[in-house]
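Engineer: Handing over target18.txt, compact mmCIF, C-alpha atoms.
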```
# COMPACT_ATOMS: atom_id res chain seq x y z
CA MET O 874 0.00 0.00 0.00
CA ARG O 875 1.26 3.49 -0.81
CA GLU O 876 1.23 6.41 1.61
CA SER O 877 -1.18 9.28 0.96
CA LYS O 878 0.40 12.67 0.25
CA ILE O 879 -2.85 14.63 0.61
CA LYS O 880 -2.60 17.44 3.18
CA PRO O 881 -5.40 19.26 5.07
CA ALA O 882 -6.09 22.72 3.62
CA GLY O 883 -9.04 23.99 5.68
CA LYS O 884 -12.78 23.42 5.65
CA ALA O 885 -15.72 24.35 3.42
CA SER O 886 -19.19 25.12 4.79
CA LEU O 887 -22.47 23.96 3.31
CA ASN O 888 -25.88 25.10 4.47
CA TYR O 889 -28.68 22.78 3.38
CA GLU O 890 -32.25 22.83 4.69
CA GLY O 891 -31.28 25.02 7.61
CA LYS O 892 -28.37 22.85 8.74
CA ASP O 893 -24.67 23.65 8.49
CA TYR O 894 -22.17 21.04 7.39
CA GLU O 895 -18.40 21.30 7.48
CA LEU O 896 -16.53 19.52 4.69
CA PRO O 897 -12.75 18.93 4.83
CA VAL O 898 -10.63 20.59 2.14
CA PHE O 899 -7.43 18.87 0.98
CA ALA O 900 -4.44 19.95 -1.06
CA GLY O 901 -2.15 17.99 -3.34
CA THR O 902 1.37 19.01 -4.34
CA GLN O 903 0.11 20.91 -7.41
CA GLY O 904 -3.28 21.95 -8.76
CA PRO O 905 -6.49 23.17 -7.11
CA ASN O 906 -7.65 22.08 -3.67
CA VAL O 907 -10.49 19.58 -3.33
CA VAL O 908 -13.56 19.40 -1.10
CA ASP O 909 -14.01 15.99 0.55
CA ILE O 910 -17.66 14.96 0.06
CA ARG O 911 -17.31 11.30 1.03
CA LYS O 912 -19.49 11.67 4.14
CA LEU O 913 -21.95 14.16 2.66
CA TYR O 914 -24.56 11.51 1.80
CA ASP O 915 -24.45 10.02 5.30
CA GLN O 916 -24.65 13.42 6.97
CA ALA O 917 -27.07 15.35 4.76
CA ASP O 918 -28.77 12.67 2.61
CA ILE O 919 -27.78 14.40 -0.65
CA PHE O 920 -25.50 13.54 -3.56
CA THR O 921 -23.51 15.85 -5.80
CA TYR O 922 -24.38 16.18 -9.51
CA ASP O 923 -21.45 16.30 -11.93
CA PRO O 924 -22.10 14.86 -15.44
CA GLY O 925 -18.81 13.65 -16.92
CA PHE O 926 -17.15 14.04 -13.49
CA THR O 927 -15.39 17.14 -14.83
CA SER O 928 -15.35 18.78 -11.39
CA THR O 929 -14.86 15.62 -9.35
CA SER O 930 -11.59 14.10 -8.17
CA SER O 931 -12.11 10.34 -8.21
CA THR O 932 -8.69 9.38 -6.89
CA GLU O 933 -5.38 10.52 -5.47
CA SER O 934 -2.60 10.05 -8.02
CA ASN O 935 1.10 10.93 -8.25
CA ILE O 936 1.64 9.89 -11.87
CA THR O 937 0.65 12.74 -14.21
CA PHE O 938 -0.06 16.42 -13.65
CA ILE O 939 -1.88 18.70 -16.08
CA ASP O 940 -2.51 22.45 -15.85
CA GLY O 941 -4.58 23.22 -18.92
CA ASP O 942 -4.60 26.99 -18.40
CA LYS O 943 -0.80 27.16 -18.30
CA GLY O 944 -0.17 24.44 -20.89
CA VAL O 945 1.63 22.11 -18.47
CA LEU O 946 1.95 18.33 -18.72
CA GLN O 947 4.31 16.41 -16.44
CA TYR O 948 5.05 12.71 -15.94
CA ARG O 949 6.13 12.18 -12.31
CA GLY O 950 7.15 15.86 -12.21
CA TYR O 951 9.16 15.87 -15.45
CA ALA O 952 8.02 18.29 -18.17
CA ILE O 953 6.76 16.51 -21.28
CA GLY O 954 8.95 18.68 -23.52
CA ASP O 955 12.12 17.59 -21.71
CA LEU O 956 11.13 13.93 -21.90
CA ALA O 957 10.28 14.17 -25.60
CA GLU O 958 13.64 15.80 -26.35
CA HIS O 959 15.98 13.78 -24.13
CA SER O 960 14.29 10.51 -23.15
CA THR O 961 13.03 7.40 -24.92
CA PHE O 962 9.63 5.79 -24.73
CA LEU O 963 10.96 2.75 -22.88
CA GLU O 964 12.64 4.98 -20.29
CA CYS O 965 9.33 6.85 -19.88
CA CYS O 966 7.63 3.49 -19.37
CA TYR O 967 9.98 2.81 -16.47
CA LEU O 968 9.34 6.29 -15.08
CA LEU O 969 5.56 5.88 -15.22
CA LEU O 970 5.61 2.38 -13.74
CA TYR O 971 8.16 2.92 -10.97
CA GLY O 972 8.07 6.65 -10.24
CA GLU O 973 11.72 7.51 -10.95
CA LEU O 974 14.03 7.67 -13.95
CA PRO O 975 16.16 4.52 -14.04
CA ASN O 976 19.92 4.32 -13.62
CA GLY O 977 21.94 2.33 -16.15
CA GLU O 978 21.59 -1.01 -14.39
CA GLN O 979 17.85 -0.60 -13.82
CA MET O 980 17.29 0.41 -17.44
CA ALA O 981 19.28 -2.53 -18.78
CA LYS O 982 17.29 -4.97 -16.64
CA PHE O 983 13.96 -3.39 -17.65
CA ASP O 984 14.92 -3.32 -21.33
CA HIS O 985 15.87 -7.00 -21.17
CA SER O 986 12.57 -7.93 -19.52
CA ILE O 987 10.48 -6.03 -22.08
CA THR O 988 12.52 -7.29 -25.04
CA HIS O 989 12.17 -10.90 -23.97
CA HIS O 990 8.40 -10.62 -23.49
CA THR O 991 7.65 -9.31 -27.01
CA MET O 992 6.80 -12.74 -28.46
CA VAL O 993 3.15 -13.75 -28.23
CA HIS O 994 1.72 -17.24 -27.89
CA GLU O 995 1.78 -18.90 -31.30
CA GLN O 996 -1.92 -19.82 -31.02
CA LEU O 997 -2.73 -16.13 -31.15
CA ALA O 998 -2.01 -16.24 -34.88
CA THR O 999 -4.95 -18.62 -35.24
CA PHE O 1000 -7.03 -16.31 -33.08
CA PHE O 1001 -6.31 -13.43 -35.49
CA ARG O 1002 -7.51 -15.44 -38.45
CA GLY O 1003 -10.93 -15.79 -36.84
CA PHE O 1004 -11.60 -12.13 -37.66
CA ARG O 1005 -13.04 -11.07 -40.99
CA ARG O 1006 -10.45 -9.87 -43.45
CA ASP O 1007 -11.95 -6.36 -43.42
CA ALA O 1008 -12.16 -6.11 -39.61
CA HIS O 1009 -11.13 -2.74 -38.18
CA PRO O 1010 -7.73 -3.01 -36.44
CA MET O 1011 -9.20 -1.57 -33.23
CA ALA O 1012 -11.87 -4.29 -33.19
CA ILE O 1013 -9.06 -6.83 -33.43
CA MET O 1014 -7.11 -5.09 -30.65
CA CYS O 1015 -10.10 -5.18 -28.28
CA GLY O 1016 -10.59 -8.89 -28.85
CA VAL O 1017 -6.96 -10.02 -28.82
CA VAL O 1018 -5.86 -8.03 -25.76
CA GLY O 1019 -8.92 -9.19 -23.84
CA ALA O 1020 -8.06 -12.76 -24.78
CA LEU O 1021 -4.53 -12.56 -23.34
CA SER O 1022 -5.86 -13.68 -19.96
CA ALA O 1023 -6.73 -17.00 -21.63
CA PHE O 1024 -3.08 -17.46 -22.63
CA TYR O 1025 -1.18 -16.11 -19.61
CA HIS O 1026 -2.84 -17.57 -16.53
CA ASP O 1027 0.27 -17.10 -14.41
CA SER O 1028 -0.05 -13.29 -14.24
CA THR O 1029 -3.72 -12.65 -13.52
CA ASP O 1030 -3.67 -12.73 -9.70
CA ILE O 1031 -3.95 -9.03 -8.91
CA ASN O 1032 -3.19 -9.64 -5.21
CA ASP O 1033 0.30 -10.93 -6.00
CA PRO O 1034 2.77 -8.03 -6.55
CA LYS O 1035 5.08 -10.22 -8.62
CA GLN O 1036 2.26 -11.31 -10.93
CA ARG O 1037 1.19 -7.67 -11.29
CA GLU O 1038 4.70 -6.75 -12.40
CA VAL O 1039 4.94 -9.66 -14.84
CA ALA O 1040 1.55 -8.70 -16.34
CA SER O 1041 2.70 -5.08 -16.60
CA HIS O 1042 5.86 -6.01 -18.47
CA ARG O 1043 3.98 -8.42 -20.70
CA LEU O 1044 1.46 -5.78 -21.73
CA VAL O 1045 4.10 -3.14 -22.49
CA ALA O 1046 6.09 -5.71 -24.46
CA LYS O 1047 3.32 -7.48 -26.35
CA LEU O 1048 1.16 -4.52 -27.40
CA PRO O 1049 3.55 -3.54 -30.23
CA THR O 1050 3.58 -7.15 -31.47
CA ILE O 1051 -0.21 -7.37 -31.34
CA ALA O 1052 -0.62 -3.96 -32.98
CA ALA O 1053 1.79 -4.92 -35.76
CA MET O 1054 -0.08 -8.20 -36.26
CA ALA O 1055 -3.36 -6.26 -36.51
CA PHE O 1056 -1.75 -4.04 -39.15
CA LYS O 1057 -0.36 -6.96 -41.13
CA TYR O 1058 -3.70 -8.76 -40.99
CA HIS O 1059 -5.43 -5.56 -42.14
CA VAL O 1060 -3.18 -5.20 -45.21
CA GLY O 1061 -3.00 -8.93 -46.00
CA GLN O 1062 0.68 -9.49 -45.33
CA PRO O 1063 2.37 -12.23 -43.24
CA PHE O 1064 3.06 -11.62 -39.56
CA VAL O 1065 6.61 -10.61 -38.69
CA TYR O 1066 8.23 -11.87 -35.49
CA PRO O 1067 10.01 -9.42 -33.17
CA LEU O 1068 13.80 -9.15 -33.31
CA ASN O 1069 15.54 -8.87 -29.93
CA LYS O 1070 18.55 -6.90 -31.17
CA LEU O 1071 16.34 -3.94 -32.06
CA GLY O 1072 15.01 -1.25 -29.74
CA TYR O 1073 11.34 -1.01 -28.79
CA THR O 1074 10.14 1.39 -31.50
CA GLU O 1075 12.57 0.15 -34.16
CA ASN O 1076 11.25 -3.37 -33.58
CA PHE O 1077 7.67 -2.17 -34.01
CA LEU O 1078 8.44 -0.40 -37.29
CA ARG O 1079 10.14 -3.54 -38.60
CA MET O 1080 7.19 -5.74 -37.60
CA CYS O 1081 4.85 -3.35 -39.43
CA PHE O 1082 6.74 -2.59 -42.63
CA SER O 1083 9.18 -5.39 -43.37
CA VAL O 1084 8.27 -8.24 -45.73
CA PRO O 1085 9.98 -11.63 -46.09
CA ALA O 1086 11.05 -10.88 -49.67
CA GLU O 1087 13.18 -7.84 -48.85
CA GLU O 1088 15.74 -6.58 -46.34
CA TYR O 1089 14.38 -3.88 -44.03
CA VAL O 1090 16.55 -1.23 -42.42
CA VAL O 1091 14.96 1.05 -39.81
CA ASN O 1092 15.30 4.76 -40.59
CA PRO O 1093 16.45 6.45 -37.34
CA VAL O 1094 14.61 9.70 -38.15
CA LEU O 1095 11.32 7.86 -38.53
CA ALA O 1096 11.98 5.78 -35.42
CA LYS O 1097 12.66 8.92 -33.39
CA ALA O 1098 9.43 10.52 -34.60
CA LEU O 1099 7.33 7.49 -33.70
CA ASP O 1100 9.10 7.10 -30.35
CA THR O 1101 8.23 10.74 -29.62
CA ILE O 1102 4.58 10.09 -30.50
CA PHE O 1103 4.60 7.21 -28.01
CA ILE O 1104 6.12 9.40 -25.28
CA LEU O 1105 3.62 12.19 -25.83
CA HIS O 1106 0.65 9.79 -25.63
CA ALA O 1107 1.87 7.59 -22.77
CA ASP O 1108 -0.43 9.08 -20.12
CA HIS O 1109 -2.84 11.98 -19.73
CA GLU O 1110 -4.24 11.87 -16.21
CA GLN O 1111 -7.84 10.74 -15.53
CA ASN O 1112 -9.25 10.84 -19.07
CA ALA O 1113 -12.12 8.65 -20.28
CA SER O 1114 -10.09 5.54 -21.12
CA THR O 1115 -7.91 5.77 -18.01
CA SER O 1116 -10.99 6.15 -15.84
CA THR O 1117 -12.45 3.12 -17.64
CA VAL O 1118 -9.36 1.05 -16.80
CA ARG O 1119 -9.56 2.15 -13.16
CA LEU O 1120 -13.29 1.44 -12.98
CA ALA O 1121 -12.84 -2.03 -14.48
CA GLY O 1122 -9.90 -2.67 -12.18
CA SER O 1123 -11.86 -1.60 -9.11
CA SER O 1124 -14.00 -4.71 -9.51
CA GLY O 1125 -10.93 -6.95 -9.30
CA ALA O 1126 -10.85 -7.72 -13.02
CA ASN O 1127 -7.58 -9.13 -14.38
CA PRO O 1128 -5.13 -6.65 -15.98
CA PHE O 1129 -5.65 -7.87 -19.55
CA ALA O 1130 -9.41 -7.34 -19.27
CA CYS O 1131 -8.85 -3.87 -17.82
CA ILE O 1132 -6.55 -2.80 -20.66
CA ALA O 1133 -9.01 -4.22 -23.22
CA ALA O 1134 -11.69 -2.03 -21.60
CA GLY O 1135 -9.41 0.98 -21.98
CA ILE O 1136 -8.84 0.17 -25.66
CA ALA O 1137 -12.60 -0.09 -26.24
CA CYS O 1138 -13.14 3.33 -24.65
CA LEU O 1139 -10.25 4.88 -26.58
CA TRP O 1140 -11.86 3.73 -29.83
CA GLY O 1141 -14.57 6.38 -29.40
CA PRO O 1142 -14.12 9.22 -31.93
CA ALA O 1143 -14.44 11.83 -29.18
CA HIS O 1144 -11.37 10.36 -27.46
CA GLY O 1145 -8.81 8.48 -29.51
CA GLY O 1146 -9.96 9.38 -33.01
CA ALA O 1147 -9.01 13.05 -33.04
CA ASN O 1148 -5.86 12.70 -35.17
CA GLU O 1149 -7.81 10.63 -37.69
CA ALA O 1150 -10.50 13.33 -37.75
CA ALA O 1151 -7.85 15.99 -38.34
CA LEU O 1152 -6.47 14.10 -41.32
CA LYS O 1153 -9.96 13.57 -42.78
CA MET O 1154 -10.53 17.32 -42.51
CA LEU O 1155 -7.34 17.96 -44.50
CA GLU O 1156 -8.60 15.54 -47.14
CA GLU O 1157 -11.90 17.44 -47.22
CA ILE O 1158 -10.07 20.74 -47.77
CA GLY O 1159 -8.12 19.05 -50.55
CA THR O 1160 -6.03 21.90 -51.95
CA VAL O 1161 -4.25 24.96 -50.57
CA ASP O 1162 -6.49 27.39 -52.48
CA ARG O 1163 -9.54 26.16 -50.51
CA ILE O 1164 -8.03 26.95 -47.09
CA PRO O 1165 -9.52 30.49 -46.89
CA GLU O 1166 -12.97 29.02 -47.49
CA PHE O 1167 -12.65 26.60 -44.59
CA VAL O 1168 -11.04 29.17 -42.30
CA ALA O 1169 -14.00 31.48 -42.97
CA LYS O 1170 -16.41 28.64 -42.10
CA ALA O 1171 -14.51 28.02 -38.87
CA LYS O 1172 -14.91 31.69 -37.90
CA ASP O 1173 -18.65 31.63 -38.71
CA LYS O 1174 -20.43 30.32 -35.60
CA SER O 1175 -23.60 29.61 -37.57
CA SER O 1176 -21.79 27.22 -39.95
CA GLY O 1177 -21.46 24.42 -37.37
CA PHE O 1178 -18.01 23.68 -38.80
CA ARG O 1179 -14.86 23.53 -36.72
CA LEU O 1180 -11.28 22.86 -37.68
CA MET O 1181 -10.13 19.54 -36.27
CA GLY O 1182 -6.67 19.42 -34.70
CA PHE O 1183 -6.83 22.97 -33.35
CA GLY O 1184 -7.36 23.92 -29.71
CA HIS O 1185 -7.87 21.37 -26.94
CA ARG O 1186 -10.56 20.61 -24.37
CA VAL O 1187 -8.02 20.51 -21.53
CA TYR O 1188 -5.34 22.92 -22.71
CA LYS O 1189 -6.65 26.47 -22.84
CA ASN O 1190 -3.15 27.53 -23.82
CA TYR O 1191 -0.76 25.86 -26.29
CA ASP O 1192 -0.82 22.06 -26.10
CA PRO O 1193 2.63 21.34 -24.54
CA ARG O 1194 2.92 18.17 -26.63
CA ALA O 1195 2.36 19.98 -29.91
CA LYS O 1196 5.74 21.74 -30.01
CA ALA O 1197 7.65 18.46 -29.71
CA MET O 1198 5.37 16.85 -32.28
CA GLN O 1199 5.77 19.78 -34.67
CA VAL O 1200 9.56 19.27 -34.67
CA GLN O 1201 9.19 15.57 -35.46
CA ALA O 1202 6.52 16.14 -38.13
CA HIS O 1203 8.81 18.48 -40.06
CA ALA O 1204 11.80 16.15 -39.55
CA VAL O 1205 9.85 13.27 -41.11
CA LEU O 1206 8.62 15.37 -44.03
CA ASP O 1207 12.18 16.57 -44.68
CA GLU O 1208 13.61 13.05 -44.44
CA LEU O 1209 11.05 11.58 -46.83
CA GLY O 1210 10.87 14.58 -49.16
CA LEU O 1211 7.11 14.83 -48.79
CA HIS O 1212 6.65 18.59 -48.66
CA ASP O 1213 5.16 18.41 -52.17
CA ASP O 1214 2.49 15.90 -51.15
CA PRO O 1215 -0.85 17.73 -51.78
CA LEU O 1216 -2.38 16.77 -48.44
CA LEU O 1217 0.72 17.66 -46.46
CA LYS O 1218 1.01 20.98 -48.32
CA VAL O 1219 -2.51 21.78 -47.13
CA ALA O 1220 -1.49 20.89 -43.57
CA MET O 1221 1.60 23.09 -43.61
CA GLU O 1222 -0.25 26.06 -45.09
CA LEU O 1223 -3.08 25.66 -42.60
CA GLU O 1224 -0.50 25.58 -39.81
CA LYS O 1225 0.92 28.93 -40.99
CA VAL O 1226 -2.57 30.46 -41.07
CA ALA O 1227 -3.45 29.23 -37.57
CA LEU O 1228 -0.20 30.55 -36.08
CA SER O 1229 -0.55 34.01 -37.66
CA ASP O 1230 -4.30 34.72 -37.96
CA PRO O 1231 -5.48 37.07 -35.14
CA TYR O 1232 -8.72 35.10 -34.76
CA PHE O 1233 -6.90 31.85 -34.03
CA ILE O 1234 -4.40 33.57 -31.75
CA GLU O 1235 -7.14 35.35 -29.78
CA LYS O 1236 -9.18 32.15 -29.40
CA LYS O 1237 -5.98 30.18 -28.65
CA LEU O 1238 -6.81 27.72 -31.42
CA TYR O 1239 -3.26 26.55 -31.85
CA PRO O 1240 -2.44 23.34 -33.71
CA ASN O 1241 -2.55 20.51 -31.16
CA ILE O 1242 -0.82 17.15 -30.99
CA ASP O 1243 -3.55 15.47 -33.05
CA PHE O 1244 -2.87 17.82 -35.97
CA TYR O 1245 0.85 17.03 -36.08
CA SER O 1246 0.64 13.35 -35.17
CA GLY O 1247 -1.92 12.71 -37.91
CA ILE O 1248 0.39 14.26 -40.50
CA THR O 1249 3.37 12.33 -39.16
CA LEU O 1250 1.65 8.95 -39.05
CA LYS O 1251 0.41 9.36 -42.62
CA ALA O 1252 3.93 10.22 -43.73
CA LEU O 1253 5.26 7.13 -41.93
CA GLY O 1254 2.91 4.99 -44.02
CA PHE O 1255 0.17 4.10 -41.55
CA PRO O 1256 -3.46 4.14 -42.78
CA THR O 1257 -5.88 6.21 -40.71
CA SER O 1258 -7.50 3.01 -39.41
CA MET O 1259 -4.25 2.35 -37.49
CA PHE O 1260 -3.98 5.73 -35.81
CA THR O 1261 -6.02 4.81 -32.72
CA VAL O 1262 -4.21 1.47 -32.50
CA LEU O 1263 -0.91 3.35 -32.16
CA PHE O 1264 -2.53 5.60 -29.55
CA ALA O 1265 -3.57 2.49 -27.59
CA LEU O 1266 -0.08 1.03 -27.87
CA ALA O 1267 1.43 4.16 -26.34
CA ARG O 1268 -1.25 4.68 -23.71
CA THR O 1269 -1.06 1.10 -22.41
CA VAL O 1270 1.82 1.92 -20.06
CA GLY O 1271 -0.13 4.83 -18.60
CA TRP O 1272 -3.17 2.62 -18.08
CA ILE O 1273 -1.02 0.01 -16.35
CA ALA O 1274 0.63 2.58 -14.09
CA GLN O 1275 -2.80 3.96 -13.13
CA TRP O 1276 -4.17 0.43 -12.59
CA LYS O 1277 -1.25 -0.50 -10.32
CA GLU O 1278 -1.59 2.74 -8.38
CA MET O 1279 -5.30 2.10 -7.86
CA LEU O 1280 -4.67 -1.39 -6.48
CA GLU O 1281 -2.10 0.01 -4.02
CA ASP O 1282 -4.41 2.80 -2.83
CA PRO O 1283 -5.69 2.12 0.72
CA HIS O 1284 -8.81 4.19 -0.04
CA GLN O 1285 -9.66 2.29 -3.22
CA LYS O 1286 -13.25 1.10 -3.54
CA ILE O 1287 -15.25 -0.45 -6.35
CA GLY O 1288 -16.48 2.34 -8.60
CA ARG O 1289 -20.14 3.17 -8.01
CA PRO O 1290 -21.31 6.56 -9.36
CA ARG O 1291 -24.73 7.73 -8.20
CA GLN O 1292 -27.61 9.29 -10.15
CA ILE O 1293 -30.56 11.64 -10.01
CA TYR O 1294 -33.51 9.38 -10.70
CA THR O 1295 -36.20 11.00 -12.86
CA GLY O 1296 -38.25 7.95 -13.87
CA PRO O 1297 -41.75 6.92 -12.71
CA THR O 1298 -42.52 6.62 -9.01
CA GLU O 1299 -43.83 3.29 -7.69
CA ARG O 1300 -46.58 1.80 -9.86
CA THR O 1301 -48.93 -1.16 -9.47
CA TYR O 1302 -48.43 -4.09 -11.83
CA VAL O 1303 -51.40 -4.57 -14.16
CA PRO O 1304 -51.98 -8.03 -15.77
CA MET O 1305 -51.87 -7.95 -19.56
CA PRO O 1306 -55.63 -8.66 -20.17
CA LYS O 1307 -56.47 -5.55 -18.11
CA ARG O 1308 -54.07 -3.18 -19.85
CA LYS O 1309 -55.56 -0.68 -22.25
```
Please express the file's structure as structure tokens.

Structural biologist:
Amino acid sequence: MRESKIKPAGKASLNYEGKDYELPVFAGTQGPNVVDIRKLYDQADIFTYDPGFTSTSSTESNITFIDGDKGVLQYRGYAIGDLAEHSTFLECCYLLLYGELPNGEQMAKFDHSITHHTMVHEQLATFFRGFRRDAHPMAIMCGVVGALSAFYHDSTDINDPKQREVASHRLVAKLPTIAAMAFKYHVGQPFVYPLNKLGYTENFLRMCFSVPAEEYVVNPVLAKALDTIFILHADHEQNASTSTVRLAGSSGANPFACIAAGIACLWGPAHGGANEAALKMLEEIGTVDRIPEFVAKAKDKSSGFRLMGFGHRVYKNYDPRAKAMQVQAHAVLDELGLHDDPLLKVAMELEKVALSDPYFIEKKLYPNIDFYSGITLKALGFPTSMFTVLFALARTVGWIAQWKEMLEDPHQKIGRPRQIYTGPTERTYVPMPKRK
């Protein structure tokens, strides 16, 4: 069990039906204070109403901190920009799972464990072939990851710390293999086995794009770009999919089932499909000369149109991940000589408009990570149907870290949101012959 770092920060008063109630106020290490309402129902016989839980803290966490107004994102206290520039995805995995950056010996041991867990059970290949040829890769991911508990029985006991760690390493290691298999199945090519001499992201690129008939050499510029995408997507506090993983885990479900639940939630277009939506918008614009038309529509509130990939629900300032992603997007385009690609020319021109137009600047509609990652993934050769799969691959480590933290929380309870009931009051059952 981990020790709570919440500190008392005063009291809040509530007057309800002529009675006064004092509610404790707590403070974390960063961010706004919180009012403790755990005993409010017992004391006052009322619930709080918060659709989407946007004003409710459901847990205490020391993994990720976000300040949307200031454009801050930190993993375990480290700024996302510093990690994207200096770290690797596998090192960030260690940081998220264990709370500290590893030393050389710790990193070597962790790297070895992940590398030697990348193979999947051979029967999984048969499992893949049970899907229709035109199955969406995310549908395959939901099914295959959920099925891992049927293959790895020795790491499903959530009460055993060692089994939790083995399951964590297995998920981080096997998700790239499963994602690459989903991609290969989607495009009708043979599965490619992982190669232990390669790094995490290099291995994934090889499993996706190599074919038996030809030699494949990983381009370091492309590998760096994809590794950065993984870092930037590794965790994002208590979002919809992370909350889903925690909610599933609160019931005692095994880790593979919990991560499958997170993948299913991420599949929703309002969550994990934003970079795909941004790319589809660029395709709709089509050519550079049509950009003014779409910018005018975006400024017209009555049009119902909005530019995808600009602004962010959480970040009211510049998305701190976007700057790092912008650098990698341009590096990939330069490396592959794709600046003349019609779609990417639209993206680059639209970027210039958004960064210079007073309307966008005033509304803080800066290009966000989804705008740049969509461009980058297309340039790397991934179809849009794979974008959310790559998001799930990266986010898996964050889900696992959050799941482990939840299980070690002494205040953890099974999730049970309440409701305001607005249905019929008690009614008398009427036999069918007597119903009108």

Engineer: Name the residues in contact with segment 1046-1050 of chain O at a cut-off of 6 Å, using all atoms listed in the file, excluding same-chain residues fewer than 6 positions from it; report them as a list in words.

Structural biologist: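 Within the cut-off, the hits are Ile987, His990, Thr991, Phe1077 and Leu1266 of chain O.
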
Engineer: Give me, as a short mmCIF file (atom, residue, chain, number, x, y, z; two decimals) with C-alpha atoms, in the frame of the given file, all polymer residues having an atom no more than 12 Å from Asn1076 of chain O, counting only C-alpha atoms and skipping those fewer than 6 positions away in the same chain.

Structural biologist:
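Written output follows (result00.cif):
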```cif
data_model
loop_
_atom_site.label_atom_id
_atom_site.label_comp_id
_atom_site.auth_asym_id
_atom_site.auth_seq_id
_atom_site.Cartn_x
_atom_site.Cartn_y
_atom_site.Cartn_z
CA ILE O 987 10.48 -6.03 -22.08
CA THR O 988 12.52 -7.29 -25.04
CA THR O 991 7.65 -9.31 -27.01
CA MET O 992 6.80 -12.74 -28.46
CA ALA O 1046 6.09 -5.71 -24.46
CA LYS O 1047 3.32 -7.48 -26.35
CA LEU O 1048 1.16 -4.52 -27.40
CA PRO O 1049 3.55 -3.54 -30.23
CA THR O 1050 3.58 -7.15 -31.47
CA ALA O 1052 -0.62 -3.96 -32.98
CA ALA O 1053 1.79 -4.92 -35.76
CA VAL O 1065 6.61 -10.61 -38.69
CA TYR O 1066 8.23 -11.87 -35.49
CA PRO O 1067 10.01 -9.42 -33.17
CA LEU O 1068 13.80 -9.15 -33.31
CA ASN O 1069 15.54 -8.87 -29.93
CA LYS O 1070 18.55 -6.90 -31.17
CA PHE O 1082 6.74 -2.59 -42.63
CA SER O 1083 9.18 -5.39 -43.37
CA TYR O 1089 14.38 -3.88 -44.03
CA VAL O 1090 16.55 -1.23 -42.42
CA VAL O 1091 14.96 1.05 -39.81
CA ASN O 1092 15.30 4.76 -40.59
CA PRO O 1093 16.45 6.45 -37.34
CA ALA O 1096 11.98 5.78 -35.42
CA LEU O 1099 7.33 7.49 -33.70
CA ASP O 1100 9.10 7.10 -30.35
#
```

Engineer: For Gly1141 of chain O, list every protein, DNA or RNA residue within 10 Å, evaluated using all atoms listed in the file, and leave out those in the same chain fewer than 6 positions away; present the list as a PyMOL selection string.

Structural biologist: chain O and resi 1113-1114+1147+1261

Engineer: Can you list every residue of segment 1160-1209 of chain O that has an atom at most 7 Å from segment 925-949 of chain O, with its nearest atom pair and the distance in Å to one decimal, using all atoms listed in the file, ordered by chain then number, as a tab-separated table?

Structural biologist:
```
residue	atom	partner	partner_atom	distance
O:Val1187	CA	O:Gly941	CA	5.1
O:Tyr1188	CA	O:Gly941	CA	3.9
O:Lys1189	CA	O:Asp942	CA	4.9
O:Asn1190	CA	O:Gly944	CA	5.2
O:Tyr1191	CA	O:Gly944	CA	5.6
O:Asp1192	CA	O:Gly944	CA	5.8
O:Pro1193	CA	O:Gly944	CA	5.5
```

Engineer: Can you tell me, as an MDAnalysis selection string, what residues are no more than 10 Å from segment 1004-1007 of chain O when counting all atoms listed in the file, ignoring any on the same chain fewer than 3 positions away?

Structural biologist: chainID O and resid 999:1001 1010 1012:1013 1016 1058:1061

Engineer: How many Å lie between atom CA of Gly901 of chain O and atom CA of Ile953 of chain O, rounded to one decimal?

Structural biologist: 20.1 Å

Engineer: Using only C-alpha atoms, can you list as a PyMOL selection string the residues within 10 Å of (-8.4, -10.9, -23.4)?

Structural biologist: chain O and resi 1014-1025+1127-1134

Engineer: In Å, with one decimal, what is the gap from atom CA of His959 of chain O to atom CA of Ala981 of chain O?

Structural biologist: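 These two atoms are separated by 17.5 Å.
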
Engineer: Place a sphere of radius 10 Å on (-31.6, 13.7, -9.3) in the file coordinates and name every protein, DNA or RNA residue with an atom inside or on its surface, counting only C-alpha atoms; give the answer as a compact mmCIF listing (two decimals) with C-alpha atoms, keeping the file's coordinate frame.

Structural biologist:
```
# COMPACT_ATOMS: atom_id res chain seq x y z
CA ILE O 919 -27.78 14.40 -0.65
CA PHE O 920 -25.50 13.54 -3.56
CA THR O 921 -23.51 15.85 -5.80
CA TYR O 922 -24.38 16.18 -9.51
CA ARG O 1291 -24.73 7.73 -8.20
CA GLN O 1292 -27.61 9.29 -10.15
CA ILE O 1293 -30.56 11.64 -10.01
CA TYR O 1294 -33.51 9.38 -10.70
CA THR O 1295 -36.20 11.00 -12.86
CA GLY O 1296 -38.25 7.95 -13.87
```

Engineer: Between O:Lys880, O:Lys1097, O:His989, O:Arg1002, which is the closest to Glu958 of chain O once you count all atoms listed in the file?

Structural biologist: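 Using all atoms listed in the file, Glu958 of chain O sits closest to O:Lys1097.
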
Engineer: Take atom CA of Leu963 of chain O and atom CA of Glu978 of chain O and report the distance between them in Å, one decimal.

Structural biologist: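 Computed distance, atom CA of Leu963 of chain O to atom CA of Glu978 of chain O, equals 14.1 Å.
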
Engineer: Check the smallest atom-to-atom distance from each of O:Lys1236, O:Arg1179, O:Lys1309, O:His1203 to Met1221 of chain O using only C-alpha atoms, then report the winner.

Structural biologist: O:His1203
